[in-house]
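The file final16.cif comes next; it holds mmCIF, C-alpha atoms.
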data_target
loop_
_atom_site.label_atom_id
_atom_site.label_comp_id
_atom_site.auth_asym_id
_atom_site.auth_seq_id
_atom_site.Cartn_x
_atom_site.Cartn_y
_atom_site.Cartn_z
CA MET T 1 9.09 -11.93 4.09
CA VAL T 2 10.14 -10.36 0.81
CA ASP T 3 12.66 -7.81 -0.38
CA ILE T 4 13.17 -8.60 -4.06
CA LEU T 5 15.71 -5.79 -4.63
CA ARG T 6 17.74 -7.26 -3.12
CA ALA T 7 17.98 -8.78 0.39
CA THR T 8 15.76 -11.85 0.12
CA THR T 9 17.03 -12.62 -3.40
CA SER T 10 20.64 -12.36 -2.14
CA ILE T 11 20.06 -14.48 0.96
CA CYS T 12 18.30 -17.20 -1.05
CA ALA T 13 21.27 -17.16 -3.47
CA ALA T 14 23.85 -17.27 -0.65
CA ILE T 15 22.16 -20.26 0.98
CA ALA T 16 21.68 -22.00 -2.37
CA CYS T 17 25.44 -21.51 -2.95
CA GLY T 18 26.20 -23.40 0.24
CA ALA T 19 26.37 -20.76 2.99
CA LYS T 20 25.60 -22.57 6.28
CA SER T 21 23.49 -19.73 7.64
CA VAL T 22 22.74 -16.02 7.38
CA ILE T 23 22.43 -13.94 10.53
CA PRO T 24 20.27 -10.88 9.84
CA VAL T 25 21.03 -7.81 11.96
CA SER T 26 19.27 -4.43 11.72
CA SER T 27 22.06 -2.11 12.79
CA LEU T 28 25.52 -1.54 11.33
CA GLU T 29 26.92 -1.48 14.88
CA GLU T 30 25.92 -5.11 15.36
CA ALA T 31 27.32 -5.99 11.94
CA LYS T 32 30.67 -4.39 12.88
CA GLU T 33 30.77 -6.26 16.19
CA PHE T 34 30.26 -9.56 14.38
CA LYS T 35 33.00 -8.60 11.91
CA GLN T 36 35.42 -8.04 14.81
CA LYS T 37 34.54 -11.52 16.10
CA GLY T 38 35.63 -12.95 12.77
CA PHE T 39 32.33 -13.42 10.98
CA ALA T 40 31.92 -12.78 7.26
CA VAL T 41 29.69 -9.73 6.85
CA ALA T 42 27.40 -8.52 4.06
CA ALA T 43 26.38 -4.91 4.62
CA GLU T 44 24.60 -2.40 2.44
CA ARG T 45 22.99 1.00 2.96
CA ASP T 46 21.14 3.01 0.32
CA GLY T 47 22.14 0.49 -2.33
CA LEU T 48 25.90 0.43 -1.78
CA MET T 49 28.27 -2.06 -0.08
CA LEU T 50 29.94 -0.66 3.04
CA ASP T 51 33.73 -0.45 3.37
CA PHE T 52 34.12 -2.77 6.37
CA ALA T 53 32.03 -5.55 4.79
CA ASP T 54 33.14 -8.68 2.88
CA PHE T 55 30.07 -8.69 0.66
CA GLY T 56 27.48 -6.19 -0.58
CA ASN T 57 23.83 -6.94 -1.18
CA SER T 58 24.07 -8.52 -4.64
CA ALA T 59 23.29 -12.19 -5.21
CA PHE T 60 26.37 -12.25 -7.48
CA ASP T 61 28.63 -11.52 -4.47
CA PHE T 62 27.75 -14.98 -3.13
CA MET T 63 28.00 -16.71 -6.48
CA LYS T 64 31.41 -15.28 -7.46
CA ASN T 65 33.01 -16.14 -4.10
CA ASP T 66 33.14 -19.49 -2.32
CA VAL T 67 30.66 -19.23 0.56
CA SER T 68 30.27 -22.94 1.38
CA GLY T 69 29.90 -23.55 5.07
CA LEU T 70 30.11 -19.82 5.90
CA GLU T 71 27.95 -18.07 8.50
CA ILE T 72 27.26 -14.65 6.99
CA VAL T 73 26.05 -11.67 9.00
CA PHE T 74 23.69 -9.59 6.87
CA SER T 75 22.55 -5.98 7.29
CA THR T 76 20.66 -4.06 4.59
CA THR T 77 18.60 -0.87 4.27
CA ASN T 78 15.15 -2.45 4.41
CA GLY T 79 15.19 -6.23 4.30
CA THR T 80 16.86 -6.98 7.60
CA VAL T 81 14.75 -4.33 9.34
CA ALA T 82 11.61 -6.11 8.15
CA MET T 83 13.01 -9.44 9.42
CA GLU T 84 13.45 -7.86 12.83
CA MET T 85 9.76 -6.78 12.71
CA ALA T 86 8.64 -10.27 11.70
CA LYS T 87 10.72 -12.27 14.16
CA SER T 88 7.96 -12.75 16.75
CA SER T 89 5.83 -14.64 14.20
CA GLU T 90 5.28 -18.36 14.55
CA ALA T 91 7.64 -18.86 11.59
CA VAL T 92 9.47 -16.56 9.18
CA VAL T 93 10.53 -17.77 5.74
CA LEU T 94 12.08 -15.75 2.92
CA GLY T 95 10.63 -15.34 -0.54
CA ALA T 96 11.97 -14.04 -3.85
CA PHE T 97 11.21 -14.70 -7.49
CA ILE T 98 14.22 -17.03 -7.56
CA ASN T 99 12.63 -19.40 -5.00
CA LEU T 100 8.94 -18.79 -5.77
CA SER T 101 7.90 -22.40 -6.45
CA ALA T 102 9.93 -23.84 -3.57
CA LEU T 103 8.36 -21.31 -1.21
CA ALA T 104 4.82 -21.92 -2.49
CA ASP T 105 5.26 -25.70 -2.11
CA PHE T 106 6.47 -25.22 1.45
CA LEU T 107 3.58 -22.87 2.37
CA ILE T 108 0.99 -25.21 0.90
CA LYS T 109 2.37 -28.17 2.88
CA THR T 110 2.64 -26.11 6.06
CA ASP T 111 -1.07 -25.21 6.02
CA LYS T 112 -0.95 -22.10 8.24
CA ASN T 113 -2.31 -18.57 7.92
CA ILE T 114 0.08 -16.53 5.80
CA VAL T 115 1.06 -12.85 6.01
CA ILE T 116 3.26 -11.67 3.15
CA LEU T 117 5.46 -8.93 4.59
CA CYS T 118 6.78 -6.64 1.83
CA SER T 119 9.86 -4.72 2.97
CA GLY T 120 9.34 -1.72 0.72
CA TRP T 121 11.83 1.14 0.73
CA LYS T 122 12.25 3.20 3.90
CA ASN T 123 8.64 2.73 5.01
CA MET T 124 7.27 3.33 1.51
CA PHE T 125 5.39 0.95 -0.77
CA CYS T 126 7.52 -0.53 -3.53
CA LEU T 127 6.34 -2.12 -6.72
CA GLU T 128 8.64 -5.15 -6.98
CA ASP T 129 7.76 -6.60 -3.55
CA SER T 130 4.01 -6.22 -4.14
CA ILE T 131 4.26 -7.83 -7.57
CA PHE T 132 6.05 -10.76 -5.98
CA ALA T 133 3.28 -10.99 -3.37
CA GLY T 134 0.81 -11.25 -6.27
CA ALA T 135 2.86 -13.97 -7.95
CA LEU T 136 2.96 -15.95 -4.71
CA ILE T 137 -0.79 -15.53 -4.14
CA GLU T 138 -1.49 -16.72 -7.68
CA LYS T 139 0.65 -19.81 -7.16
CA LEU T 140 -0.92 -20.56 -3.77
CA THR T 141 -4.51 -20.12 -4.95
CA GLU T 142 -3.91 -22.27 -8.03
CA SER T 143 -3.16 -25.25 -5.78
CA LYS T 144 -5.45 -24.64 -2.84
CA ASP T 145 -8.58 -22.74 -1.86
CA PHE T 146 -7.04 -19.95 0.22
CA ASP T 147 -9.36 -17.29 1.65
CA ILE T 148 -7.85 -13.92 0.67
CA GLN T 149 -8.54 -11.61 3.60
CA CYS T 150 -7.45 -8.16 2.53
CA ASP T 151 -7.60 -5.67 -0.30
CA SER T 152 -3.80 -5.37 -0.47
CA ALA T 153 -3.57 -9.06 -1.44
CA LEU T 154 -6.21 -8.53 -4.17
CA ALA T 155 -4.36 -5.47 -5.46
CA SER T 156 -1.03 -7.36 -5.50
CA LEU T 157 -2.60 -10.12 -7.54
CA ASP T 158 -3.91 -7.65 -10.12
CA LEU T 159 -0.55 -5.86 -10.29
CA TRP T 160 1.19 -9.21 -10.86
CA LYS T 161 -1.24 -10.03 -13.69
CA THR T 162 -0.37 -6.69 -15.30
CA ALA T 163 3.38 -7.21 -14.87
CA LYS T 164 3.60 -10.93 -15.70
CA PRO T 165 3.64 -10.82 -19.55
CA ASP T 166 6.83 -8.70 -19.46
CA LEU T 167 8.18 -8.69 -15.93
CA LEU T 168 11.55 -7.06 -16.64
CA GLY T 169 9.93 -4.48 -18.91
CA TYR T 170 7.28 -3.67 -16.29
CA ILE T 171 9.75 -3.19 -13.48
CA GLN T 172 11.76 -0.56 -15.37
CA LYS T 173 9.47 2.11 -13.94
CA ALA T 174 9.95 1.07 -10.31
CA ALA T 175 11.72 3.68 -8.20
CA HIS T 176 14.25 1.26 -6.71
CA ARG T 177 15.16 -0.15 -10.11
CA LYS T 178 16.08 3.43 -11.13
CA ARG T 179 18.01 3.91 -7.88
CA LEU T 180 20.11 0.77 -8.54
CA ARG T 181 20.80 1.89 -12.12
CA MET T 182 22.05 5.26 -10.91
CA LEU T 183 24.35 3.52 -8.43
CA GLY T 184 25.65 1.18 -11.15
CA VAL T 185 24.68 -1.94 -9.18
CA ASP T 186 21.88 -3.16 -11.43
CA ASP T 187 23.76 -5.98 -13.22
CA VAL T 188 21.89 -8.38 -10.91
CA LEU T 189 18.45 -7.10 -11.93
CA GLU T 190 17.59 -9.81 -14.44
CA TYR T 191 18.59 -12.48 -11.92
CA CYS T 192 16.29 -10.90 -9.28
CA PHE T 193 13.32 -11.45 -11.62
CA THR T 194 14.24 -14.97 -12.72
CA LEU T 195 11.65 -17.50 -11.59
CA ASP T 196 12.81 -20.59 -9.70
CA ALA T 197 16.56 -20.23 -10.16
CA VAL T 198 17.06 -21.96 -6.79
CA ASP T 199 15.05 -24.41 -4.71
CA VAL T 200 15.89 -23.35 -1.17
CA VAL T 201 13.53 -21.83 1.41
CA PRO T 202 15.46 -19.93 4.09
CA VAL T 203 13.74 -20.19 7.46
CA LEU T 204 14.52 -18.07 10.54
CA LYS T 205 15.42 -20.14 13.63
CA ASN T 206 16.97 -18.64 16.74
CA GLY T 207 18.14 -15.56 14.85
CA ARG T 208 19.70 -17.55 11.98
CA LEU T 209 18.37 -18.12 8.48
CA GLU T 210 19.04 -21.65 7.36
CA LYS T 211 17.95 -23.90 4.56
CA MET T 212 14.63 -25.60 5.29
CA GLU T 213 15.32 -29.34 5.41
CA MET Y 1 -7.87 13.39 0.51
CA VAL Y 2 -10.05 10.48 -0.48
CA ASP Y 3 -12.45 8.08 1.21
CA ILE Y 4 -14.67 6.79 -1.59
CA LEU Y 5 -16.77 4.54 0.69
CA ARG Y 6 -18.07 6.87 1.88
CA ALA Y 7 -16.92 10.06 3.64
CA THR Y 8 -15.54 12.13 0.76
CA THR Y 9 -18.35 11.03 -1.55
CA SER Y 10 -20.92 12.02 1.09
CA ILE Y 11 -19.31 15.38 1.87
CA CYS Y 12 -19.06 16.28 -1.84
CA ALA Y 13 -22.75 15.37 -2.17
CA ALA Y 14 -23.76 17.38 0.93
CA ILE Y 15 -21.97 20.48 -0.33
CA ALA Y 16 -23.31 20.03 -3.86
CA CYS Y 17 -26.82 19.86 -2.28
CA GLY Y 18 -26.30 23.27 -0.71
CA ALA Y 19 -24.81 22.61 2.73
CA LYS Y 20 -22.93 25.77 3.71
CA SER Y 21 -20.03 23.86 5.26
CA VAL Y 22 -18.98 20.55 6.76
CA ILE Y 23 -16.97 20.50 9.98
CA PRO Y 24 -14.94 17.26 10.19
CA VAL Y 25 -14.22 15.99 13.71
CA SER Y 26 -12.29 12.80 14.58
CA SER Y 27 -13.93 11.89 17.86
CA LEU Y 28 -17.54 11.14 18.71
CA GLU Y 29 -17.15 13.22 21.90
CA GLU Y 30 -16.57 16.34 19.79
CA ALA Y 31 -19.49 15.40 17.54
CA LYS Y 32 -21.77 15.09 20.57
CA GLU Y 33 -20.63 18.44 21.96
CA PHE Y 34 -21.47 20.12 18.64
CA LYS Y 35 -24.86 18.37 18.67
CA GLN Y 36 -25.60 19.84 22.11
CA LYS Y 37 -24.73 23.29 20.73
CA GLY Y 38 -27.43 22.82 18.09
CA PHE Y 39 -25.39 21.75 15.07
CA ALA Y 40 -26.62 19.16 12.61
CA VAL Y 41 -24.41 16.08 12.97
CA ALA Y 42 -23.50 13.22 10.63
CA ALA Y 43 -21.84 10.39 12.53
CA GLU Y 44 -20.90 6.86 11.55
CA ARG Y 45 -18.74 4.11 13.04
CA ASP Y 46 -18.04 0.74 11.44
CA GLY Y 47 -20.47 1.53 8.64
CA LEU Y 48 -23.54 2.42 10.70
CA MET Y 49 -25.20 5.75 11.62
CA LEU Y 50 -25.05 6.54 15.34
CA ASP Y 51 -28.22 7.10 17.41
CA PHE Y 52 -27.55 10.71 18.42
CA ALA Y 53 -26.84 11.84 14.85
CA ASP Y 54 -29.09 13.53 12.30
CA PHE Y 55 -27.41 11.90 9.33
CA GLY Y 56 -25.35 8.79 8.65
CA ASN Y 57 -22.51 8.54 6.17
CA SER Y 58 -24.52 8.00 2.99
CA ALA Y 59 -24.62 10.60 0.23
CA PHE Y 60 -28.36 9.87 -0.03
CA ASP Y 61 -28.89 11.23 3.53
CA PHE Y 62 -28.01 14.69 2.20
CA MET Y 63 -29.98 14.33 -1.01
CA LYS Y 64 -33.21 13.10 0.63
CA ASN Y 65 -33.22 15.89 3.27
CA ASP Y 66 -33.00 19.65 2.75
CA VAL Y 67 -29.50 20.65 3.80
CA SER Y 68 -29.31 24.08 2.17
CA GLY Y 69 -27.39 26.54 4.29
CA LEU Y 70 -26.66 23.95 7.00
CA GLU Y 71 -23.34 23.60 8.81
CA ILE Y 72 -22.93 19.85 9.28
CA VAL Y 73 -20.53 18.33 11.79
CA PHE Y 74 -19.13 15.09 10.34
CA SER Y 75 -17.41 12.17 12.09
CA THR Y 76 -16.70 8.85 10.38
CA THR Y 77 -14.56 5.74 10.97
CA ASN Y 78 -11.69 6.60 8.65
CA GLY Y 79 -12.32 9.67 6.52
CA THR Y 80 -12.40 12.35 9.19
CA VAL Y 81 -9.37 10.78 10.92
CA ALA Y 82 -7.40 11.15 7.68
CA MET Y 83 -8.55 14.79 7.40
CA GLU Y 84 -7.13 15.43 10.86
CA MET Y 85 -3.80 13.93 9.70
CA ALA Y 86 -3.77 16.10 6.58
CA LYS Y 87 -4.77 19.38 8.16
CA SER Y 88 -1.23 20.79 8.47
CA SER Y 89 -0.80 20.63 4.66
CA GLU Y 90 -0.71 23.85 2.66
CA ALA Y 91 -4.18 22.98 1.36
CA VAL Y 92 -6.55 20.04 1.73
CA VAL Y 93 -9.22 19.32 -0.87
CA LEU Y 94 -11.58 16.35 -1.05
CA GLY Y 95 -11.81 13.91 -3.92
CA ALA Y 96 -14.31 11.25 -4.94
CA PHE Y 97 -15.39 9.68 -8.22
CA ILE Y 98 -18.41 12.00 -8.16
CA ASN Y 99 -16.19 15.13 -8.38
CA LEU Y 100 -13.20 13.68 -10.27
CA SER Y 101 -13.11 16.12 -13.17
CA ALA Y 102 -13.80 19.19 -11.02
CA LEU Y 103 -10.98 18.15 -8.68
CA ALA Y 104 -8.54 17.45 -11.53
CA ASP Y 105 -9.29 20.83 -13.11
CA PHE Y 106 -8.67 22.55 -9.80
CA LEU Y 107 -5.37 20.69 -9.18
CA ILE Y 108 -4.09 21.45 -12.67
CA LYS Y 109 -4.85 25.16 -12.25
CA THR Y 110 -3.33 25.24 -8.76
CA ASP Y 111 0.03 23.93 -9.98
CA LYS Y 112 1.39 22.58 -6.67
CA ASN Y 113 2.94 19.30 -5.57
CA ILE Y 114 0.17 16.82 -4.87
CA VAL Y 115 -0.06 14.04 -2.29
CA ILE Y 116 -3.14 11.82 -2.66
CA LEU Y 117 -4.03 10.66 0.84
CA CYS Y 118 -6.10 7.47 0.75
CA SER Y 119 -8.02 6.95 4.00
CA GLY Y 120 -8.14 3.17 3.82
CA TRP Y 121 -9.91 1.17 6.50
CA LYS Y 122 -8.54 1.25 10.07
CA ASN Y 123 -4.93 1.72 8.95
CA MET Y 124 -5.23 -0.87 6.18
CA PHE Y 125 -4.97 -0.42 2.42
CA CYS Y 126 -8.32 -0.39 0.64
CA LEU Y 127 -8.95 -0.99 -3.01
CA GLU Y 128 -11.52 1.70 -3.81
CA ASP Y 129 -9.41 4.64 -2.59
CA SER Y 130 -6.32 3.46 -4.48
CA ILE Y 131 -8.32 2.95 -7.67
CA PHE Y 132 -9.60 6.50 -7.34
CA ALA Y 133 -6.01 7.71 -6.89
CA GLY Y 134 -5.19 5.99 -10.18
CA ALA Y 135 -8.16 7.62 -11.93
CA LEU Y 136 -7.06 11.03 -10.67
CA ILE Y 137 -3.44 10.45 -11.73
CA GLU Y 138 -4.59 9.40 -15.19
CA LYS Y 139 -6.69 12.55 -15.52
CA LEU Y 140 -3.88 14.80 -14.27
CA THR Y 141 -1.19 13.27 -16.50
CA GLU Y 142 -3.42 13.44 -19.58
CA SER Y 143 -3.48 17.23 -19.26
CA LYS Y 144 -0.06 18.00 -17.90
CA ASP Y 145 3.42 16.50 -17.59
CA PHE Y 146 3.40 15.57 -13.90
CA ASP Y 147 6.47 13.81 -12.50
CA ILE Y 148 5.19 10.72 -10.66
CA GLN Y 149 7.45 10.29 -7.65
CA CYS Y 150 6.50 7.03 -6.04
CA ASP Y 151 5.70 3.41 -6.75
CA SER Y 152 2.35 3.62 -4.98
CA ALA Y 153 1.17 6.17 -7.57
CA LEU Y 154 2.31 3.87 -10.40
CA ALA Y 155 0.56 0.90 -8.80
CA SER Y 156 -2.67 2.93 -8.35
CA LEU Y 157 -2.61 3.88 -12.01
CA ASP Y 158 -2.27 0.22 -13.07
CA LEU Y 159 -5.05 -0.85 -10.69
CA TRP Y 160 -7.32 1.84 -12.14
CA LYS Y 161 -6.58 0.64 -15.68
CA THR Y 162 -7.59 -2.89 -14.60
CA ALA Y 163 -10.77 -1.66 -12.88
CA LYS Y 164 -11.89 0.98 -15.40
CA PRO Y 165 -13.62 -1.20 -18.03
CA ASP Y 166 -16.09 -2.44 -15.37
CA LEU Y 167 -15.68 -0.32 -12.28
CA LEU Y 168 -18.74 -1.57 -10.36
CA GLY Y 169 -17.95 -5.16 -11.28
CA TYR Y 170 -14.34 -4.78 -10.19
CA ILE Y 171 -15.17 -3.29 -6.82
CA GLN Y 172 -17.42 -6.22 -5.81
CA LYS Y 173 -14.35 -7.96 -4.38
CA ALA Y 174 -13.28 -5.05 -2.17
CA ALA Y 175 -13.51 -5.81 1.54
CA HIS Y 176 -15.42 -2.63 2.42
CA ARG Y 177 -17.96 -3.19 -0.34
CA LYS Y 178 -18.71 -6.57 1.31
CA ARG Y 179 -18.86 -4.91 4.74
CA LEU Y 180 -21.45 -2.38 3.50
CA ARG Y 181 -23.53 -5.15 1.91
CA MET Y 182 -23.60 -7.10 5.17
CA LEU Y 183 -24.74 -3.96 6.99
CA GLY Y 184 -27.46 -3.33 4.40
CA VAL Y 185 -26.17 0.19 3.64
CA ASP Y 186 -24.89 -0.44 0.13
CA ASP Y 187 -27.76 1.18 -1.82
CA VAL Y 188 -25.44 4.16 -2.35
CA LEU Y 189 -22.68 2.03 -3.92
CA GLU Y 190 -23.44 2.78 -7.56
CA TYR Y 191 -23.56 6.51 -6.80
CA CYS Y 192 -20.13 6.30 -5.12
CA PHE Y 193 -18.64 5.05 -8.39
CA THR Y 194 -20.45 7.50 -10.69
CA LEU Y 195 -18.03 9.83 -12.43
CA ASP Y 196 -18.64 13.57 -12.25
CA ALA Y 197 -22.11 13.58 -10.69
CA VAL Y 198 -21.26 16.92 -9.04
CA ASP Y 199 -18.90 19.77 -9.82
CA VAL Y 200 -17.89 20.96 -6.36
CA VAL Y 201 -14.42 20.77 -4.78
CA PRO Y 202 -14.63 20.93 -0.98
CA VAL Y 203 -11.60 22.72 0.49
CA LEU Y 204 -10.60 22.77 4.16
CA LYS Y 205 -10.28 26.28 5.61
CA ASN Y 206 -10.02 26.94 9.33
CA GLY Y 207 -11.47 23.55 10.22
CA ARG Y 208 -14.42 23.86 7.81
CA LEU Y 209 -14.93 22.24 4.43
CA GLU Y 210 -16.53 24.66 2.00
CA LYS Y 211 -17.17 24.82 -1.69
CA MET Y 212 -14.15 26.13 -3.58
CA GLU Y 213 -15.23 29.39 -5.22
#
Exercise: express the given structure as structure tokens:
Amino acid sequence: MVDILRATTSICAAIACGAKSVIPVSSLEEAKEFKQKGFAVAAERDGLMLDFADFGNSAFDFMKNDVSGLEIVFSTTNGTVAMEMAKSSEAVVLGAFINLSALADFLIKTDKNIVILCSGWKNMFCLEDSIFAGALIEKLTESKDFDIQCDSALASLDLWKTAKPDLLGYIQKAAHRKRLRMLGVDDVLEYCFTLDAVDVVPVLKNGRLEKME
Amino acid sequence: MVDILRATTSICAAIACGAKSVIPVSSLEEAKEFKQKGFAVAAERDGLMLDFADFGNSAFDFMKNDVSGLEIVFSTTNGTVAMEMAKSSEAVVLGAFINLSALADFLIKTDKNIVILCSGWKNMFCLEDSIFAGALIEKLTESKDFDIQCDSALASLDLWKTAKPDLLGYIQKAAHRKRLRMLGVDDVLEYCFTLDAVDVVPVLKNGRLEKME
């Protein structure tokens, strides 16, 4: 499951920084209930951190603060909604540019059918998630003879090949990149497109995302 | 509205060959009722022409037979379903590679907001419709300063730029191209990717597609 800007990038960063687990919840009501029970909460809607929350949806929030051992409840505009959709799958793991190689290595070892679920933006296609899907497919097919089953995977691969020579330059035109700039929360952009900054693969188990051991 | 393989290509061809109108219907039941009333019917499911129909879903069916003045009822796997979805729009016009320039000229003159509805295949993304969307966007933006509002339009444009130097070569990997080859109905493929073979723009008016005057 992927939401490059910014949920899966942020969750990978939080777990790499020592957070014990991340509990994704779709609704703000659930997030508030957890907050009342004493949990640390990261909550974002339409790009901005919500008042009641301890963290927003920027990877930097988990790098600037000490999150070691924390269980963090997480609710974002698109990413955690997609996780809810995916939860009945045999296994759900999170992907981002920052954990691309770690994820690819895990998927190759696991040897299962793979669906790459791109979160998008409010039910719309978004460029950055599809480009990541292409990057992942390239990495997977370089190491193993995967049978690509759908046109959207082929299109993602071609979009990645177009974007790859200048990833940050390419992504300037993406709608959500513009949205984050307008909101003044785009300082984390370069980090979101940094390959292999961390080596964790968050996996969803019983409603909690934890580091794959 | 676009369904390159093959509904919008076939309907553009039928109207260019003199058919008076095409009546799109989603269900085969409706198509059969029209047939009983004496209409000519084109009907296809999963790539193949149905027994009760006069025509399949190949542009050649309307070029090999005399269709002048005919009203043809049309029901296909994806294309006519998408037309049903689009019918509440202010105006619905059909696009295909074979009428690309005629369509672009019409859209530029019309000066309205444009949504390019790609039919896809059974609710899935398909490569050939998105590549056409990119070709249309390129043509429109060359002549006029359109404001591209979504990432899917940007992605289509980049896919078209990748495909353009060798369109027929590029499309060999598309899932539906393979499906048509397996069914032995891919003789029309080259025609479906021929630019500007006709100069008609079918427009939907009161449930009938007719040549834009």
Output as a PyMOL selection string the set of chain T residues within 8 Å of chain Y, with distances taken over all atoms listed in the file.
chain T and resi 125-127+149-152+155+158-159+162+174-175
Quick one: everything within 10 Å of Lys35 (chain T), counting all atoms listed in the file, minus sequence neighbours fewer than 6 positions away in the same chain. Send it as an NGL selection string.
:T and (29 or 41-42 or 52-54 or 72-73)
Given the selection you just returned, output its residues as a file containing C-alpha atoms, formatted as a JSON list (two decimals), in the coordinates of the input.
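Generated file (part23.json):
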[["chain", "number", "residue", "atom", "x", "y", "z"],
["T", 29, "GLU", "CA", 26.92, -1.48, 14.88],
["T", 41, "VAL", "CA", 29.69, -9.73, 6.85],
["T", 42, "ALA", "CA", 27.40, -8.52, 4.06],
["T", 52, "PHE", "CA", 34.12, -2.77, 6.37],
["T", 53, "ALA", "CA", 32.03, -5.55, 4.79],
["T", 54, "ASP", "CA", 33.14, -8.68, 2.88],
["T", 72, "ILE", "CA", 27.26, -14.65, 6.99],
["T", 73, "VAL", "CA", 26.05, -11.67, 9.00]]
Which of these residues is nearest to Pro202 (chain T), using all atoms listed in the file: T:Pro165, T:Gly184, T:Gly95, T:Gly18?
T:Gly95
Determine the residue membership of the PyMOL selection byres ((chain Y and resi 209) around 9) for the file above and supply it as a PyMOL selection string.
chain Y and resi 11+15+20-24+93-94+202-208+210-212
Any chance you could resolve the PyMOL selection byres ((chain Y and resi 98) around 12) against this file and give the residues as number ranges by chain?
Y: 2-6, 8-14, 16, 59, 94-97, 99-104, 132, 135-136, 189-201
Can you complete the atoms of region 124-139 of chain Y to N, CA and C atoms and list them as an mmCIF file, in the frame of the given file?
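Saved result, rebuild30.cif, follows:
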data_model
loop_
_atom_site.group_PDB
_atom_site.id
_atom_site.type_symbol
_atom_site.label_atom_id
_atom_site.label_comp_id
_atom_site.auth_asym_id
_atom_site.auth_seq_id
_atom_site.Cartn_x
_atom_site.Cartn_y
_atom_site.Cartn_z
ATOM 1 N N MET Y 124 -5.537 0.116 7.219
ATOM 2 C CA MET Y 124 -5.230 -0.870 6.180
ATOM 3 C C MET Y 124 -5.498 -0.257 4.800
ATOM 4 N N PHE Y 125 -4.754 -0.748 3.825
ATOM 5 C CA PHE Y 125 -4.970 -0.420 2.420
ATOM 6 C C PHE Y 125 -6.399 -0.770 2.021
ATOM 7 N N CYS Y 126 -7.060 0.063 1.234
ATOM 8 C CA CYS Y 126 -8.320 -0.390 0.640
ATOM 9 C C CYS Y 126 -8.350 -0.084 -0.845
ATOM 10 N N LEU Y 127 -8.989 -0.985 -1.559
ATOM 11 C CA LEU Y 127 -8.950 -0.990 -3.010
ATOM 12 C C LEU Y 127 -9.587 0.249 -3.630
ATOM 13 N N GLU Y 128 -10.765 0.643 -3.127
ATOM 14 C CA GLU Y 128 -11.520 1.700 -3.810
ATOM 15 C C GLU Y 128 -10.802 3.047 -3.756
ATOM 16 N N ASP Y 129 -10.113 3.356 -2.666
ATOM 17 C CA ASP Y 129 -9.410 4.640 -2.590
ATOM 18 C C ASP Y 129 -8.199 4.651 -3.531
ATOM 19 N N SER Y 130 -7.494 3.520 -3.614
ATOM 20 C CA SER Y 130 -6.320 3.460 -4.480
ATOM 21 C C SER Y 130 -6.720 3.516 -5.954
ATOM 22 N N ILE Y 131 -7.843 2.893 -6.283
ATOM 23 C CA ILE Y 131 -8.320 2.950 -7.670
ATOM 24 C C ILE Y 131 -8.687 4.388 -8.032
ATOM 25 N N PHE Y 132 -9.313 5.086 -7.086
ATOM 26 C CA PHE Y 132 -9.600 6.500 -7.340
ATOM 27 C C PHE Y 132 -8.314 7.288 -7.543
ATOM 28 N N ALA Y 133 -7.299 7.010 -6.728
ATOM 29 C CA ALA Y 133 -6.010 7.710 -6.890
ATOM 30 C C ALA Y 133 -5.490 7.501 -8.308
ATOM 31 N N GLY Y 134 -5.623 6.273 -8.814
ATOM 32 C CA GLY Y 134 -5.190 5.990 -10.180
ATOM 33 C C GLY Y 134 -5.990 6.771 -11.213
ATOM 34 N N ALA Y 135 -7.306 6.867 -10.997
ATOM 35 C CA ALA Y 135 -8.160 7.620 -11.930
ATOM 36 C C ALA Y 135 -7.750 9.093 -11.948
ATOM 37 N N LEU Y 136 -7.461 9.622 -10.769
ATOM 38 C CA LEU Y 136 -7.060 11.030 -10.670
ATOM 39 C C LEU Y 136 -5.703 11.247 -11.358
ATOM 40 N N ILE Y 137 -4.769 10.338 -11.116
ATOM 41 C CA ILE Y 137 -3.440 10.450 -11.730
ATOM 42 C C ILE Y 137 -3.561 10.391 -13.262
ATOM 43 N N GLU Y 138 -4.401 9.489 -13.738
ATOM 44 C CA GLU Y 138 -4.590 9.400 -15.190
ATOM 45 C C GLU Y 138 -5.101 10.732 -15.747
ATOM 46 N N LYS Y 139 -6.099 11.289 -15.067
ATOM 47 C CA LYS Y 139 -6.690 12.550 -15.520
ATOM 48 C C LYS Y 139 -5.662 13.683 -15.486
#
